[in-house]
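Data file: input.cif. Format and content: mmCIF, C-alpha atoms.
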```cif
data_work
#
loop_
_atom_site.label_atom_id
_atom_site.label_comp_id
_atom_site.auth_asym_id
_atom_site.auth_seq_id
_atom_site.Cartn_x
_atom_site.Cartn_y
_atom_site.Cartn_z
CA MET A 1 70.50 186.22 122.98
CA LYS A 2 70.08 186.64 119.23
CA LYS A 3 72.58 183.82 118.61
CA VAL A 4 70.62 181.48 120.88
CA LEU A 5 67.42 182.26 118.99
CA VAL A 6 69.13 181.59 115.64
CA MET A 7 70.53 178.29 116.93
CA GLY A 8 67.14 177.27 118.31
CA GLY A 9 65.50 178.11 115.02
CA GLU A 10 68.01 175.98 113.13
CA ALA A 11 67.47 173.07 115.52
CA LEU A 12 63.68 173.28 115.13
CA LYS A 13 64.01 173.48 111.35
CA ASN A 14 66.29 170.43 111.21
CA GLN A 15 63.98 168.51 113.53
CA ALA A 16 61.02 169.05 111.21
CA LYS A 17 62.82 168.77 107.88
CA GLY A 18 64.87 165.58 108.14
CA PRO A 19 67.89 164.76 105.98
CA VAL A 20 68.23 166.88 102.85
CA THR A 21 70.22 164.31 100.88
CA LYS A 22 67.91 161.31 101.13
CA HIS A 23 68.30 160.57 97.43
CA VAL A 24 71.99 159.76 97.92
CA LEU A 25 71.17 156.51 99.71
CA LYS A 26 69.23 155.36 96.66
CA GLN A 27 72.16 156.22 94.42
CA LEU A 28 74.60 154.22 96.55
CA ALA A 29 72.91 151.01 95.44
CA ASP A 30 73.70 151.97 91.84
CA HIS A 31 77.38 152.35 92.70
CA PRO A 32 78.48 149.19 94.51
CA PRO A 33 82.06 148.87 95.85
CA PRO A 34 84.69 147.52 93.42
CA GLU A 35 84.95 143.77 92.82
CA ASP A 36 88.62 143.52 93.79
CA ILE A 37 87.91 144.85 97.29
CA ARG A 38 90.01 143.36 100.12
CA THR A 39 88.74 142.30 103.57
CA ILE A 40 89.58 139.71 106.26
CA PRO A 41 91.63 136.61 105.21
CA LYS A 42 90.09 133.14 105.18
CA ILE A 43 91.74 129.69 105.21
CA ASP A 44 90.76 126.60 103.25
CA GLU A 45 90.80 123.78 105.79
CA GLU A 46 91.65 120.97 103.37
CA ARG A 47 94.66 122.75 101.86
CA CYS A 48 96.25 124.16 105.03
CA ILE A 49 99.30 122.20 106.30
CA MET A 50 99.90 124.27 109.48
CA CYS A 51 103.38 125.38 108.37
CA GLY A 52 103.09 128.78 110.09
CA THR A 53 104.38 130.85 107.16
CA CYS A 54 101.49 133.30 107.36
CA ILE A 55 102.22 133.92 111.05
CA ASN A 56 105.88 134.67 110.31
CA VAL A 57 105.31 137.06 107.42
CA CYS A 58 102.37 139.01 108.90
CA PRO A 59 103.54 142.63 109.34
CA THR A 60 101.08 143.41 112.15
CA HIS A 61 101.31 140.10 114.09
CA CYS A 62 97.56 139.60 113.99
CA LEU A 63 97.63 135.80 113.50
CA GLY A 64 98.38 133.09 116.08
CA ILE A 65 98.95 129.35 115.82
CA GLU A 66 98.89 126.26 118.02
CA LYS A 67 99.65 122.84 116.50
CA ASP A 68 100.85 119.26 116.97
CA ASN A 69 101.57 118.26 113.38
CA LYS A 70 100.32 119.07 109.90
CA ASP A 71 96.91 117.48 110.46
CA ASN A 72 96.22 118.77 113.97
CA GLY A 73 96.28 122.48 114.72
CA MET A 74 94.43 125.79 114.75
CA ILE A 75 95.01 129.36 113.58
CA TRP A 76 93.23 132.40 115.02
CA ILE A 77 93.11 136.07 114.11
CA LEU A 78 92.68 139.35 115.97
CA ARG A 79 90.35 141.02 113.46
CA PRO A 80 91.04 144.71 114.25
CA GLN A 81 94.80 144.26 113.76
CA CYS A 82 94.64 142.74 110.27
CA MET A 83 95.37 145.39 107.62
CA TRP A 84 94.18 143.28 104.66
CA CYS A 85 97.53 143.54 102.85
CA GLY A 86 97.45 140.02 101.37
CA HIS A 87 101.04 139.23 102.37
CA CYS A 88 99.96 135.85 103.80
CA GLN A 89 98.22 135.03 100.50
CA THR A 90 101.40 135.74 98.54
CA TYR A 91 103.66 133.59 100.72
CA CYS A 92 101.36 130.61 101.38
CA PRO A 93 103.02 127.49 99.82
CA LYS A 94 99.72 125.63 99.31
CA ASP A 95 97.44 128.57 98.31
CA ALA A 96 95.29 127.80 101.35
CA ILE A 97 94.85 131.35 102.67
CA HIS A 98 93.13 133.99 100.60
CA ILE A 99 91.76 137.50 101.19
CA ASP A 100 87.98 137.45 101.19
CA GLN A 101 86.54 139.72 98.49
CA ASP A 102 83.02 139.88 99.91
CA ALA A 103 81.88 143.48 99.42
CA THR A 104 79.12 143.26 102.03
CA LEU A 105 81.72 142.45 104.71
CA SER A 106 83.31 145.87 104.28
CA TYR A 107 80.18 147.55 105.67
CA THR A 108 80.39 145.70 108.98
CA LEU A 109 84.08 145.97 109.94
CA PHE A 110 83.75 148.05 113.07
CA SER A 111 83.04 147.29 116.73
CA PHE A 112 82.56 148.81 120.16
CA ASN A 113 85.10 146.53 121.87
CA VAL A 114 88.35 146.02 120.07
CA ARG A 115 90.46 143.98 122.49
CA GLN A 116 88.20 140.90 122.53
CA ASP A 117 87.33 140.63 118.84
CA PHE A 118 89.09 137.30 118.12
CA ASP A 119 88.02 134.86 115.44
CA MET A 120 89.05 131.25 114.72
CA LEU A 121 90.17 130.97 111.09
CA VAL A 122 90.78 127.22 110.91
CA ALA A 123 90.76 124.23 113.31
CA LYS A 124 91.86 120.82 112.05
CA GLY A 125 91.81 117.26 113.36
CA SER A 126 91.83 116.85 117.13
CA PHE A 127 91.73 120.64 117.67
CA LYS A 128 88.27 120.86 116.12
CA GLY A 129 85.27 121.62 118.30
CA ASP A 130 85.81 121.86 122.06
CA VAL A 131 89.55 122.69 122.01
CA ALA A 132 89.07 125.55 119.57
CA ASP A 133 86.11 126.94 121.52
CA LYS A 134 88.09 126.74 124.78
CA LYS A 135 91.08 128.55 123.22
CA LEU A 136 88.80 131.27 121.88
CA GLN A 137 87.29 131.74 125.35
CA GLU A 138 90.80 132.00 126.85
CA LEU A 139 91.83 134.62 124.30
CA ILE A 140 88.70 136.66 124.98
CA GLU A 141 89.36 136.51 128.74
CA GLU A 142 92.95 137.68 128.15
CA GLY A 143 91.56 140.56 126.11
CA GLY A 144 89.30 141.46 129.03
CA LYS A 145 92.31 141.52 131.38
CA LYS A 146 94.17 143.79 128.95
CA LEU A 147 91.14 146.11 128.84
CA LYS A 148 91.24 146.45 132.64
CA GLU A 149 95.01 147.09 132.59
CA ILE A 150 94.56 149.84 130.02
CA GLU A 151 91.76 151.43 132.07
CA GLU A 152 94.10 151.49 135.10
CA PHE A 153 96.89 152.98 132.96
CA ARG A 154 94.54 155.70 131.72
CA GLY A 155 93.46 156.56 135.24
CA MET B 1 59.63 166.13 131.19
CA GLY B 2 60.02 162.94 129.20
CA TRP B 3 59.06 164.52 125.91
CA LEU B 4 61.50 167.41 126.44
CA LYS B 5 64.40 165.01 126.94
CA LYS B 6 63.34 163.04 123.89
CA PHE B 7 63.24 166.25 121.86
CA GLY B 8 66.68 167.32 123.07
CA VAL B 9 68.25 163.97 122.31
CA ASN B 10 66.67 163.96 118.85
CA CYS B 11 68.13 167.40 118.15
CA ALA B 12 71.57 166.40 119.42
CA VAL B 13 71.73 163.14 117.48
CA ARG B 14 70.57 164.78 114.24
CA SER B 15 73.51 167.20 114.08
CA PRO B 16 76.71 165.90 115.66
CA TRP B 17 79.64 168.13 114.75
CA VAL B 18 82.96 166.45 114.17
CA ILE B 19 86.57 167.42 114.68
CA HIS B 20 89.22 165.32 113.03
CA MET B 21 92.74 164.89 114.41
CA ASN B 22 95.80 163.06 113.15
CA ALA B 23 97.87 161.47 115.94
CA GLY B 24 101.01 160.66 113.99
CA GLY B 25 99.73 158.44 111.18
CA CYS B 26 100.49 158.24 107.46
CA ASN B 27 97.50 160.44 106.38
CA GLY B 28 95.72 157.56 104.57
CA CYS B 29 92.79 157.40 106.99
CA ASP B 30 92.42 161.21 106.90
CA ILE B 31 91.87 161.09 103.16
CA GLU B 32 89.26 158.35 103.61
CA ILE B 33 87.41 160.53 106.14
CA VAL B 34 87.40 163.40 103.64
CA ASP B 35 86.16 160.91 101.02
CA ALA B 36 83.29 159.96 103.35
CA LEU B 37 82.24 163.64 103.39
CA THR B 38 82.02 163.87 99.58
CA PRO B 39 78.59 163.61 97.85
CA ARG B 40 79.05 159.95 96.89
CA HIS B 41 79.37 158.62 100.47
CA ASP B 42 77.46 161.50 101.99
CA LEU B 43 78.24 161.80 105.69
CA GLU B 44 76.41 165.16 105.80
CA GLN B 45 73.03 163.47 105.29
CA TYR B 46 73.21 162.64 108.99
CA GLY B 47 73.79 166.32 109.84
CA ILE B 48 77.51 165.80 110.38
CA THR B 49 79.87 168.62 109.46
CA LEU B 50 83.60 168.99 109.97
CA ARG B 51 84.52 171.77 112.40
CA GLY B 52 87.85 173.49 112.82
CA THR B 53 87.89 173.80 116.59
CA PRO B 54 87.29 171.31 119.41
CA ARG B 55 85.13 173.83 121.30
CA GLN B 56 82.33 173.43 118.73
CA ALA B 57 82.61 169.66 118.28
CA ASP B 58 80.71 166.73 119.80
CA VAL B 59 82.67 163.89 118.19
CA LEU B 60 86.45 163.48 117.97
CA LEU B 61 87.66 161.40 115.00
CA ILE B 62 91.18 160.14 115.68
CA THR B 63 93.55 158.52 113.18
CA GLY B 64 97.08 157.21 113.48
CA PRO B 65 99.17 155.50 116.17
CA VAL B 66 99.49 157.73 119.21
CA THR B 67 103.11 158.79 119.50
CA ALA B 68 104.49 159.75 122.90
CA GLN B 69 104.79 163.37 121.81
CA VAL B 70 101.23 163.78 120.53
CA ALA B 71 99.52 161.95 123.44
CA GLU B 72 99.39 165.05 125.64
CA ARG B 73 98.03 167.15 122.75
CA VAL B 74 95.28 164.61 122.07
CA LYS B 75 94.33 164.76 125.74
CA ARG B 76 94.25 168.56 125.65
CA VAL B 77 91.99 168.60 122.58
CA TYR B 78 89.68 166.09 124.29
CA GLU B 79 89.48 168.24 127.42
CA GLN B 80 88.57 171.32 125.38
CA MET B 81 85.45 169.65 123.96
CA PRO B 82 82.10 170.39 125.65
CA LEU B 83 80.06 167.61 127.28
CA PRO B 84 78.64 165.20 126.10
CA LYS B 85 81.60 164.14 123.96
CA PHE B 86 82.34 160.99 121.98
CA VAL B 87 85.49 159.56 120.40
CA ILE B 88 85.70 157.37 117.28
CA ALA B 89 89.02 155.69 116.43
CA VAL B 90 89.48 155.31 112.66
CA GLY B 91 91.96 152.81 111.25
CA ASN B 92 94.18 150.01 112.43
CA CYS B 93 96.93 152.17 113.91
CA CYS B 94 94.56 153.40 116.61
CA THR B 95 93.80 149.88 117.82
CA SER B 96 97.30 148.51 118.37
CA GLY B 97 99.82 150.65 116.56
CA GLY B 98 99.37 148.71 113.32
CA VAL B 99 102.59 148.53 111.33
CA PHE B 100 104.17 151.01 113.72
CA GLN B 101 103.61 148.81 116.78
CA GLU B 102 107.29 147.86 117.24
CA CYS B 103 108.39 151.50 117.26
CA PRO B 104 109.61 152.53 120.75
CA PHE B 105 107.84 155.93 120.71
CA VAL B 106 104.33 154.60 120.01
CA LEU B 107 101.74 153.83 122.70
CA GLY B 108 99.86 150.59 122.05
CA GLY B 109 96.57 152.10 120.90
CA ILE B 110 94.54 155.24 121.50
CA ASP B 111 92.66 153.70 124.44
CA HIS B 112 95.79 154.21 126.55
CA VAL B 113 94.93 157.93 126.45
CA LEU B 114 91.16 158.32 125.94
CA PRO B 115 87.98 156.26 126.42
CA ILE B 116 86.72 155.20 122.97
CA ASP B 117 83.10 154.73 121.84
CA ALA B 118 83.56 153.05 118.46
CA TRP B 119 86.36 151.50 116.44
CA VAL B 120 86.59 151.33 112.63
CA TYR B 121 88.80 148.58 111.17
CA GLY B 122 90.96 148.74 108.07
CA CYS B 123 94.21 150.12 106.78
CA PRO B 124 92.74 152.42 105.57
CA PRO B 125 89.04 151.74 106.28
CA ARG B 126 86.60 152.13 103.42
CA PRO B 127 84.37 155.24 103.46
CA GLU B 128 81.18 153.14 103.60
CA ASN B 129 82.57 151.52 106.71
CA ILE B 130 83.09 154.91 108.39
CA VAL B 131 79.56 156.04 107.42
CA HIS B 132 78.07 152.80 108.73
CA ALA B 133 80.00 153.04 112.02
CA VAL B 134 78.91 156.63 112.63
CA ALA B 135 75.27 155.82 111.83
CA THR B 136 75.28 152.78 114.13
CA LEU B 137 76.92 154.78 116.94
CA LEU B 138 74.24 157.46 116.64
CA GLY B 139 71.47 154.85 116.75
CA LYS B 140 73.06 153.28 119.81
CA LEU B 141 73.40 156.67 121.49
CA LYS B 142 69.73 157.41 120.91
CA GLU B 143 68.81 154.10 122.53
CA ASP B 144 71.12 154.74 125.49
CA LEU B 145 70.03 158.33 126.09
CA ILE B 146 66.28 157.92 125.71
CA GLY B 147 66.29 154.48 127.32
CA ILE B 148 64.28 152.49 124.82
CA GLU B 149 63.73 149.01 126.16
CA LYS B 150 64.58 146.37 123.63
CA LYS B 151 61.82 143.84 123.08
CA GLU B 152 63.05 140.33 123.64
CA ILE B 153 61.91 137.89 121.00
CA PRO B 154 60.81 134.61 122.59
CA GLN B 155 62.81 131.72 121.17
CA GLU B 156 60.88 128.83 119.70
CA GLU B 157 61.76 125.51 121.12
#
```
Rewrite the coordinates I just gave you, this time as C-alpha coordinates.
Amino acid sequence: MKKVLVMGGEALKNQAKGPVTKHVLKQLADHPPPEDIRTIPKIDEERCIMCGTCINVCPTHCLGIEKDNKDNGMIWILRPQCMWCGHCQTYCPKDAIHIDQDATLSYTLFSFNVRQDFDMLVAKGSFKGDVADKKLQELIEEGGKKLKEIEEFRG
Amino acid sequence: MGWLKKFGVNCAVRSPWVIHMNAGGCNGCDIEIVDALTPRHDLEQYGITLRGTPRQADVLLITGPVTAQVAERVKRVYEQMPLPKFVIAVGNCCTSGGVFQECPFVLGGIDHVLPIDAWVYGCPPRPENIVHAVATLLGKLKEDLIGIEKKEIPQEE
(Lines of atoms letter the chains of each structure in order from A and count residues from 1; the text may use other names and numbers.)
(Lines give C-alpha, C1' and ligand atoms only; values in the text may rest on other atoms or scores of the structure.)
Protein backbone atom coordinates (compact mmCIF):
# COMPACT_ATOMS: atom_id res chain seq x y z
CA MET A 1 0.00 0.00 0.00
CA LYS A 2 2.85 2.33 0.92
CA LYS A 3 4.53 1.66 -2.44
CA VAL A 4 1.34 2.57 -4.30
CA LEU A 5 1.12 5.84 -2.39
CA VAL A 6 4.76 6.66 -3.20
CA MET A 7 4.21 5.87 -6.88
CA GLY A 8 1.04 7.97 -6.97
CA GLY A 9 2.86 10.85 -5.33
CA GLU A 10 5.64 10.67 -7.91
CA ALA A 11 3.11 10.61 -10.75
CA LEU A 12 1.28 13.65 -9.37
CA LYS A 13 4.56 15.50 -8.88
CA ASN A 14 5.70 14.77 -12.45
CA GLN A 15 2.31 15.80 -13.81
CA ALA A 16 2.56 19.21 -12.16
CA LYS A 17 6.27 19.83 -12.61
CA GLY A 18 6.93 19.10 -16.29
CA PRO A 19 10.34 18.29 -17.75
CA VAL A 20 13.29 19.16 -15.52
CA THR A 21 15.80 19.56 -18.35
CA LYS A 22 13.98 22.10 -20.51
CA HIS A 23 17.15 24.14 -20.95
CA VAL A 24 18.79 21.30 -22.89
CA LEU A 25 16.56 21.90 -25.91
CA LYS A 26 17.82 25.47 -26.09
CA GLN A 27 21.41 24.26 -25.93
CA LEU A 28 20.89 21.79 -28.78
CA ALA A 29 20.52 24.70 -31.19
CA ASP A 30 24.00 25.86 -30.15
CA HIS A 31 25.44 22.45 -30.99
CA PRO A 32 24.30 21.55 -34.51
CA PRO A 33 25.23 18.16 -36.04
CA PRO A 34 28.60 17.96 -37.86
CA GLU A 35 28.88 19.26 -41.42
CA ASP A 36 30.17 15.98 -42.87
CA ILE A 37 27.04 14.12 -41.77
CA ARG A 38 25.79 11.36 -44.11
CA THR A 39 22.16 10.68 -45.09
CA ILE A 40 20.21 9.30 -48.08
CA PRO A 41 21.96 9.29 -51.53
CA LYS A 42 20.77 11.55 -54.34
CA ILE A 43 21.37 11.33 -58.12
CA ASP A 44 22.12 14.14 -60.54
CA GLU A 45 19.81 13.53 -63.49
CA GLU A 46 22.01 15.12 -66.16
CA ARG A 47 25.12 13.15 -65.23
CA CYS A 48 23.58 9.69 -64.70
CA ILE A 49 24.11 7.25 -67.62
CA MET A 50 22.06 4.34 -66.18
CA CYS A 51 25.07 1.99 -66.06
CA GLY A 52 23.82 0.18 -62.93
CA THR A 53 27.13 0.24 -61.06
CA CYS A 54 25.54 1.57 -57.88
CA ILE A 55 23.01 -1.29 -57.89
CA ASN A 56 25.78 -3.88 -58.23
CA VAL A 57 28.04 -2.53 -55.48
CA CYS A 58 25.33 -1.73 -52.90
CA PRO A 59 25.98 -3.99 -49.87
CA THR A 60 22.35 -3.96 -48.68
CA HIS A 61 20.60 -4.22 -52.09
CA CYS A 62 18.48 -1.16 -51.41
CA LEU A 63 18.57 0.23 -54.98
CA GLY A 64 16.64 -0.98 -58.05
CA ILE A 65 16.84 -0.11 -61.74
CA GLU A 66 14.71 -0.38 -64.87
CA LYS A 67 16.07 0.96 -68.19
CA ASP A 68 16.04 0.88 -71.99
CA ASN A 69 19.29 2.68 -72.78
CA LYS A 70 21.48 5.37 -71.26
CA ASP A 71 18.92 8.14 -71.80
CA ASN A 72 15.79 6.27 -70.73
CA GLY A 73 15.55 4.65 -67.32
CA MET A 74 14.78 5.03 -63.63
CA ILE A 75 16.40 4.16 -60.30
CA TRP A 76 14.49 3.77 -57.03
CA ILE A 77 15.51 3.24 -53.42
CA LEU A 78 14.05 1.50 -50.38
CA ARG A 79 14.91 4.20 -47.83
CA PRO A 80 15.01 2.09 -44.62
CA GLN A 81 17.52 -0.35 -46.14
CA CYS A 82 20.13 2.22 -47.16
CA MET A 83 22.96 2.37 -44.60
CA TRP A 84 24.48 5.62 -45.92
CA CYS A 85 27.90 4.02 -46.51
CA GLY A 86 28.73 6.00 -49.66
CA HIS A 87 29.90 2.95 -51.60
CA CYS A 88 27.81 3.99 -54.63
CA GLN A 89 29.42 7.44 -54.53
CA THR A 90 32.91 5.92 -54.61
CA TYR A 91 32.22 3.62 -57.56
CA CYS A 92 30.09 5.91 -59.76
CA PRO A 93 32.02 6.49 -63.06
CA LYS A 94 30.37 9.87 -63.76
CA ASP A 95 30.15 11.27 -60.18
CA ALA A 96 26.37 11.41 -60.58
CA ILE A 97 25.38 9.90 -57.22
CA HIS A 98 26.32 11.58 -53.98
CA ILE A 99 25.38 11.21 -50.30
CA ASP A 100 23.21 14.11 -49.21
CA GLN A 101 24.80 16.05 -46.34
CA ASP A 102 21.64 17.87 -45.27
CA ALA A 103 21.72 17.91 -41.46
CA THR A 104 18.00 18.59 -41.10
CA LEU A 105 17.23 15.33 -42.95
CA SER A 106 18.80 13.31 -40.14
CA TYR A 107 16.03 14.39 -37.75
CA THR A 108 13.29 12.90 -39.91
CA LEU A 109 14.64 9.46 -40.87
CA PHE A 110 12.10 7.29 -39.13
CA SER A 111 8.65 5.97 -40.02
CA PHE A 112 5.72 3.91 -38.79
CA ASN A 113 5.57 1.70 -41.90
CA VAL A 114 8.85 0.41 -43.18
CA ARG A 115 7.90 -1.95 -46.01
CA GLN A 116 6.29 0.69 -48.24
CA ASP A 117 8.77 3.54 -47.85
CA PHE A 118 10.05 3.64 -51.46
CA ASP A 119 11.39 6.73 -53.16
CA MET A 120 12.23 7.47 -56.82
CA LEU A 121 15.81 8.77 -57.05
CA VAL A 122 15.95 9.56 -60.77
CA ALA A 123 13.70 9.13 -63.84
CA LYS A 124 15.04 10.05 -67.27
CA GLY A 125 13.62 10.43 -70.77
CA SER A 126 10.52 8.39 -71.56
CA PHE A 127 10.38 7.00 -67.99
CA LYS A 128 9.68 10.45 -66.57
CA GLY A 129 6.26 11.26 -65.17
CA ASP A 130 3.52 8.63 -65.50
CA VAL A 131 5.78 5.54 -65.85
CA ALA A 132 7.77 6.43 -62.74
CA ASP A 133 4.61 7.14 -60.72
CA LYS A 134 3.08 3.83 -61.86
CA LYS A 135 6.22 1.90 -60.89
CA LEU A 136 6.26 3.57 -57.48
CA GLN A 137 2.62 2.59 -56.94
CA GLU A 138 3.43 -1.03 -57.91
CA LEU A 139 6.34 -1.15 -55.48
CA ILE A 140 4.19 0.22 -52.67
CA GLU A 141 1.49 -2.39 -53.41
CA GLU A 142 4.13 -5.15 -53.32
CA GLY A 143 5.26 -3.81 -49.96
CA GLY A 144 1.67 -4.03 -48.73
CA LYS A 145 1.49 -7.68 -49.82
CA LYS A 146 4.75 -8.41 -47.99
CA LEU A 147 3.32 -6.75 -44.86
CA LYS A 148 0.31 -9.10 -44.97
CA GLU A 149 2.58 -12.14 -45.50
CA ILE A 150 4.66 -11.17 -42.49
CA GLU A 151 1.54 -10.70 -40.35
CA GLU A 152 0.42 -14.22 -41.32
CA PHE A 153 3.90 -15.59 -40.52
CA ARG A 154 3.81 -13.93 -37.11
CA GLY A 155 0.41 -15.37 -36.34
CA MET B 1 -14.78 9.76 -16.59
CA GLY B 2 -13.24 11.57 -19.53
CA TRP B 3 -10.96 13.70 -17.39
CA LEU B 4 -9.73 10.65 -15.45
CA LYS B 5 -8.70 8.89 -18.66
CA LYS B 6 -7.00 12.05 -19.88
CA PHE B 7 -5.11 12.30 -16.59
CA GLY B 8 -4.03 8.66 -16.75
CA VAL B 9 -2.82 8.93 -20.32
CA ASN B 10 -0.91 12.11 -19.49
CA CYS B 11 0.82 10.34 -16.59
CA ALA B 12 1.66 7.30 -18.72
CA VAL B 13 3.03 9.29 -21.66
CA ARG B 14 5.16 11.52 -19.41
CA SER B 15 7.19 8.63 -17.99
CA PRO B 16 7.63 5.69 -20.36
CA TRP B 17 10.25 3.29 -19.04
CA VAL B 18 12.47 1.62 -21.58
CA ILE B 19 14.22 -1.72 -21.81
CA HIS B 20 16.88 -2.16 -24.42
CA MET B 21 17.73 -5.49 -26.05
CA ASN B 22 20.34 -6.54 -28.58
CA ALA B 23 19.12 -9.22 -31.00
CA GLY B 24 22.42 -10.24 -32.51
CA GLY B 25 23.77 -6.99 -33.94
CA CYS B 26 27.22 -5.38 -33.96
CA ASN B 27 26.59 -3.16 -30.86
CA GLY B 28 26.77 0.11 -32.86
CA CYS B 29 23.11 1.01 -32.37
CA ASP B 30 23.32 0.17 -28.65
CA ILE B 31 26.04 2.76 -28.20
CA GLU B 32 23.92 5.34 -30.05
CA ILE B 33 21.00 4.63 -27.69
CA VAL B 34 23.31 5.18 -24.70
CA ASP B 35 24.49 8.39 -26.41
CA ALA B 36 20.87 9.53 -26.69
CA LEU B 37 20.58 9.18 -22.89
CA THR B 38 23.57 11.46 -22.20
CA PRO B 39 22.99 15.14 -21.24
CA ARG B 40 23.69 16.45 -24.73
CA HIS B 41 20.84 14.58 -26.47
CA ASP B 42 18.78 14.28 -23.32
CA LEU B 43 16.23 11.47 -23.66
CA GLU B 44 15.41 11.78 -19.94
CA GLN B 45 13.74 15.16 -20.46
CA TYR B 46 10.74 13.16 -21.69
CA GLY B 47 10.73 11.12 -18.47
CA ILE B 48 12.37 8.13 -20.14
CA THR B 49 14.74 5.99 -18.09
CA LEU B 50 16.50 2.75 -18.93
CA ARG B 51 15.30 -0.20 -16.83
CA GLY B 52 17.03 -3.50 -16.25
CA THR B 53 14.02 -5.77 -16.36
CA PRO B 54 11.14 -6.16 -18.84
CA ARG B 55 8.60 -6.37 -16.00
CA GLN B 56 9.04 -2.65 -15.25
CA ALA B 57 9.23 -1.45 -18.86
CA ASP B 58 6.63 0.03 -21.22
CA VAL B 59 8.79 0.33 -24.34
CA LEU B 60 11.10 -2.30 -25.85
CA LEU B 61 14.02 -0.89 -27.87
CA ILE B 62 15.37 -3.57 -30.21
CA THR B 63 18.61 -3.45 -32.20
CA GLY B 64 20.26 -5.91 -34.53
CA PRO B 65 19.11 -8.50 -37.07
CA VAL B 66 17.03 -11.17 -35.37
CA THR B 67 18.97 -14.42 -35.50
CA ALA B 68 17.07 -17.71 -35.36
CA GLN B 69 18.48 -18.42 -31.91
CA VAL B 70 17.51 -15.11 -30.31
CA ALA B 71 14.00 -14.91 -31.83
CA GLU B 72 12.42 -17.01 -29.08
CA ARG B 73 14.19 -14.98 -26.38
CA VAL B 74 12.93 -11.71 -27.89
CA LYS B 75 9.41 -13.13 -27.84
CA ARG B 76 9.79 -14.18 -24.20
CA VAL B 77 11.00 -10.72 -23.16
CA TYR B 78 8.05 -9.17 -25.01
CA GLU B 79 5.59 -11.46 -23.25
CA GLN B 80 7.01 -10.55 -19.84
CA MET B 81 6.23 -6.86 -20.33
CA PRO B 82 3.00 -5.49 -18.79
CA LEU B 83 0.25 -4.02 -20.97
CA PRO B 84 0.17 -1.53 -22.70
CA LYS B 85 3.51 -2.23 -24.38
CA PHE B 86 5.25 -0.70 -27.38
CA VAL B 87 8.20 -1.75 -29.52
CA ILE B 88 10.67 0.54 -31.34
CA ALA B 89 13.10 -0.99 -33.84
CA VAL B 90 16.40 0.93 -33.94
CA GLY B 91 18.74 0.62 -36.92
CA ASN B 92 18.79 -0.89 -40.37
CA CYS B 93 19.36 -4.49 -39.31
CA CYS B 94 15.92 -4.61 -37.71
CA THR B 95 14.17 -3.64 -40.94
CA SER B 96 15.60 -6.19 -43.36
CA GLY B 97 18.72 -7.74 -41.90
CA GLY B 98 20.91 -4.95 -43.27
CA VAL B 99 24.37 -6.21 -44.20
CA PHE B 100 23.55 -9.54 -42.58
CA GLN B 101 20.54 -10.18 -44.82
CA GLU B 102 22.18 -12.95 -46.88
CA CYS B 103 23.14 -14.92 -43.77
CA PRO B 104 21.09 -18.16 -43.53
CA PHE B 105 20.42 -17.83 -39.77
CA VAL B 106 18.86 -14.35 -39.89
CA LEU B 107 15.11 -13.68 -40.11
CA GLY B 108 14.27 -10.88 -42.55
CA GLY B 109 13.46 -8.19 -40.00
CA ILE B 110 12.10 -7.94 -36.48
CA ASP B 111 8.48 -7.72 -37.67
CA HIS B 112 8.61 -11.47 -38.36
CA VAL B 113 8.54 -11.89 -34.57
CA LEU B 114 6.83 -8.85 -33.00
CA PRO B 115 4.42 -6.08 -34.03
CA ILE B 116 6.42 -2.82 -34.30
CA ASP B 117 5.21 0.72 -33.53
CA ALA B 118 8.07 2.82 -34.90
CA TRP B 119 11.18 2.32 -37.00
CA VAL B 120 14.39 4.37 -36.84
CA TYR B 121 16.60 4.37 -39.96
CA GLY B 122 20.37 4.44 -40.13
CA CYS B 123 23.41 2.28 -39.67
CA PRO B 124 23.77 3.39 -36.93
CA PRO B 125 21.01 6.01 -36.53
CA ARG B 126 21.97 9.38 -35.11
CA PRO B 127 20.95 10.09 -31.50
CA GLU B 128 18.81 13.09 -32.54
CA ASN B 129 16.93 10.75 -34.82
CA ILE B 130 16.17 8.36 -31.94
CA VAL B 131 15.05 11.25 -29.69
CA HIS B 132 12.82 12.63 -32.46
CA ALA B 133 11.28 9.22 -33.16
CA VAL B 134 10.48 8.59 -29.49
CA ALA B 135 8.97 12.06 -29.07
CA THR B 136 6.82 11.68 -32.19
CA LEU B 137 5.67 8.22 -31.09
CA LEU B 138 4.63 9.60 -27.70
CA GLY B 139 2.71 12.45 -29.35
CA LYS B 140 0.97 9.97 -31.65
CA LEU B 141 0.12 7.71 -28.71
CA LYS B 142 -1.44 10.61 -26.83
CA GLU B 143 -3.59 11.40 -29.86
CA ASP B 144 -4.62 7.76 -30.27
CA LEU B 145 -5.40 7.14 -26.60
CA ILE B 146 -7.28 10.34 -25.81
CA GLY B 147 -8.91 10.47 -29.24
CA ILE B 148 -8.20 14.05 -30.26
CA GLU B 149 -9.94 14.76 -33.52
CA LYS B 150 -7.64 16.37 -36.02
CA LYS B 151 -9.00 19.57 -37.52
CA GLU B 152 -9.08 19.39 -41.27
CA ILE B 153 -7.82 22.51 -42.96
CA PRO B 154 -10.05 23.44 -45.91
CA GLN B 155 -8.01 23.62 -49.10
CA GLU B 156 -8.19 26.82 -51.09
CA GLU B 157 -9.16 26.35 -54.66
Could you list the residues chosen by the PyMOL selection byres ((chain B and resi 111-123) around 6) in this structure as a PyMOL selection string? (chain A and resi 80+83+109-112+150+154) or (chain B and resi 87-92+109-110+124-125)
Residues returned when the PyMOL selection byres ((chain A and resi 62-65) around 7) runs on this file, as an MDAnalysis selection string: chainID A and resid 55 60:61 66:67 74:78 81:82
Just so the selection is clear, what residues does the PyMOL selection byres ((chain B and resi 108) around 6) cover here, as a JSON list (two decimals) with C-alpha atoms, keeping the file's coordinate frame?
```json
[["chain", "number", "residue", "atom", "x", "y", "z"],
["B", 96, "SER", "CA", 97.30, 148.51, 118.37],
["B", 97, "GLY", "CA", 99.82, 150.65, 116.56],
["B", 107, "LEU", "CA", 101.74, 153.83, 122.70],
["B", 109, "GLY", "CA", 96.57, 152.10, 120.90]]
```
Atom CA of B:Thr38 to atom CA of A:Lys17, straight-line distance in Å: 21.5 Å
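Compared by their closest atoms to A:Cys88, and using all atoms listed in the file, the residues A:Lys145, A:Lys42, A:Lys70, A:Lys134 rank with A:Lys42 nearest.
Atom CA of A:Leu105 to atom CA of B:Val18 spans 25.8 Å [interatomic distance, one decimal].
Among A:Val114, A:Leu12, A:Cys54, A:Met7, the residue with the shortest atom-to-atom distance to A:Leu147, counting only C-alpha atoms, is A:Val114.
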Six-sided padding of 4 Å per side, axis-aligned box over stretch 78-86 of chain B, centre and edges in Å, one decimal, as JSON:
```
{"center_x": 84.2, "center_y": 166.2, "center_z": 124.7, "size_x": 19.0, "size_y": 18.3, "size_z": 13.4}
```
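Take atom CA of B:Leu4 and atom CA of B:Leu83: the distance between them is 18.6 Å.
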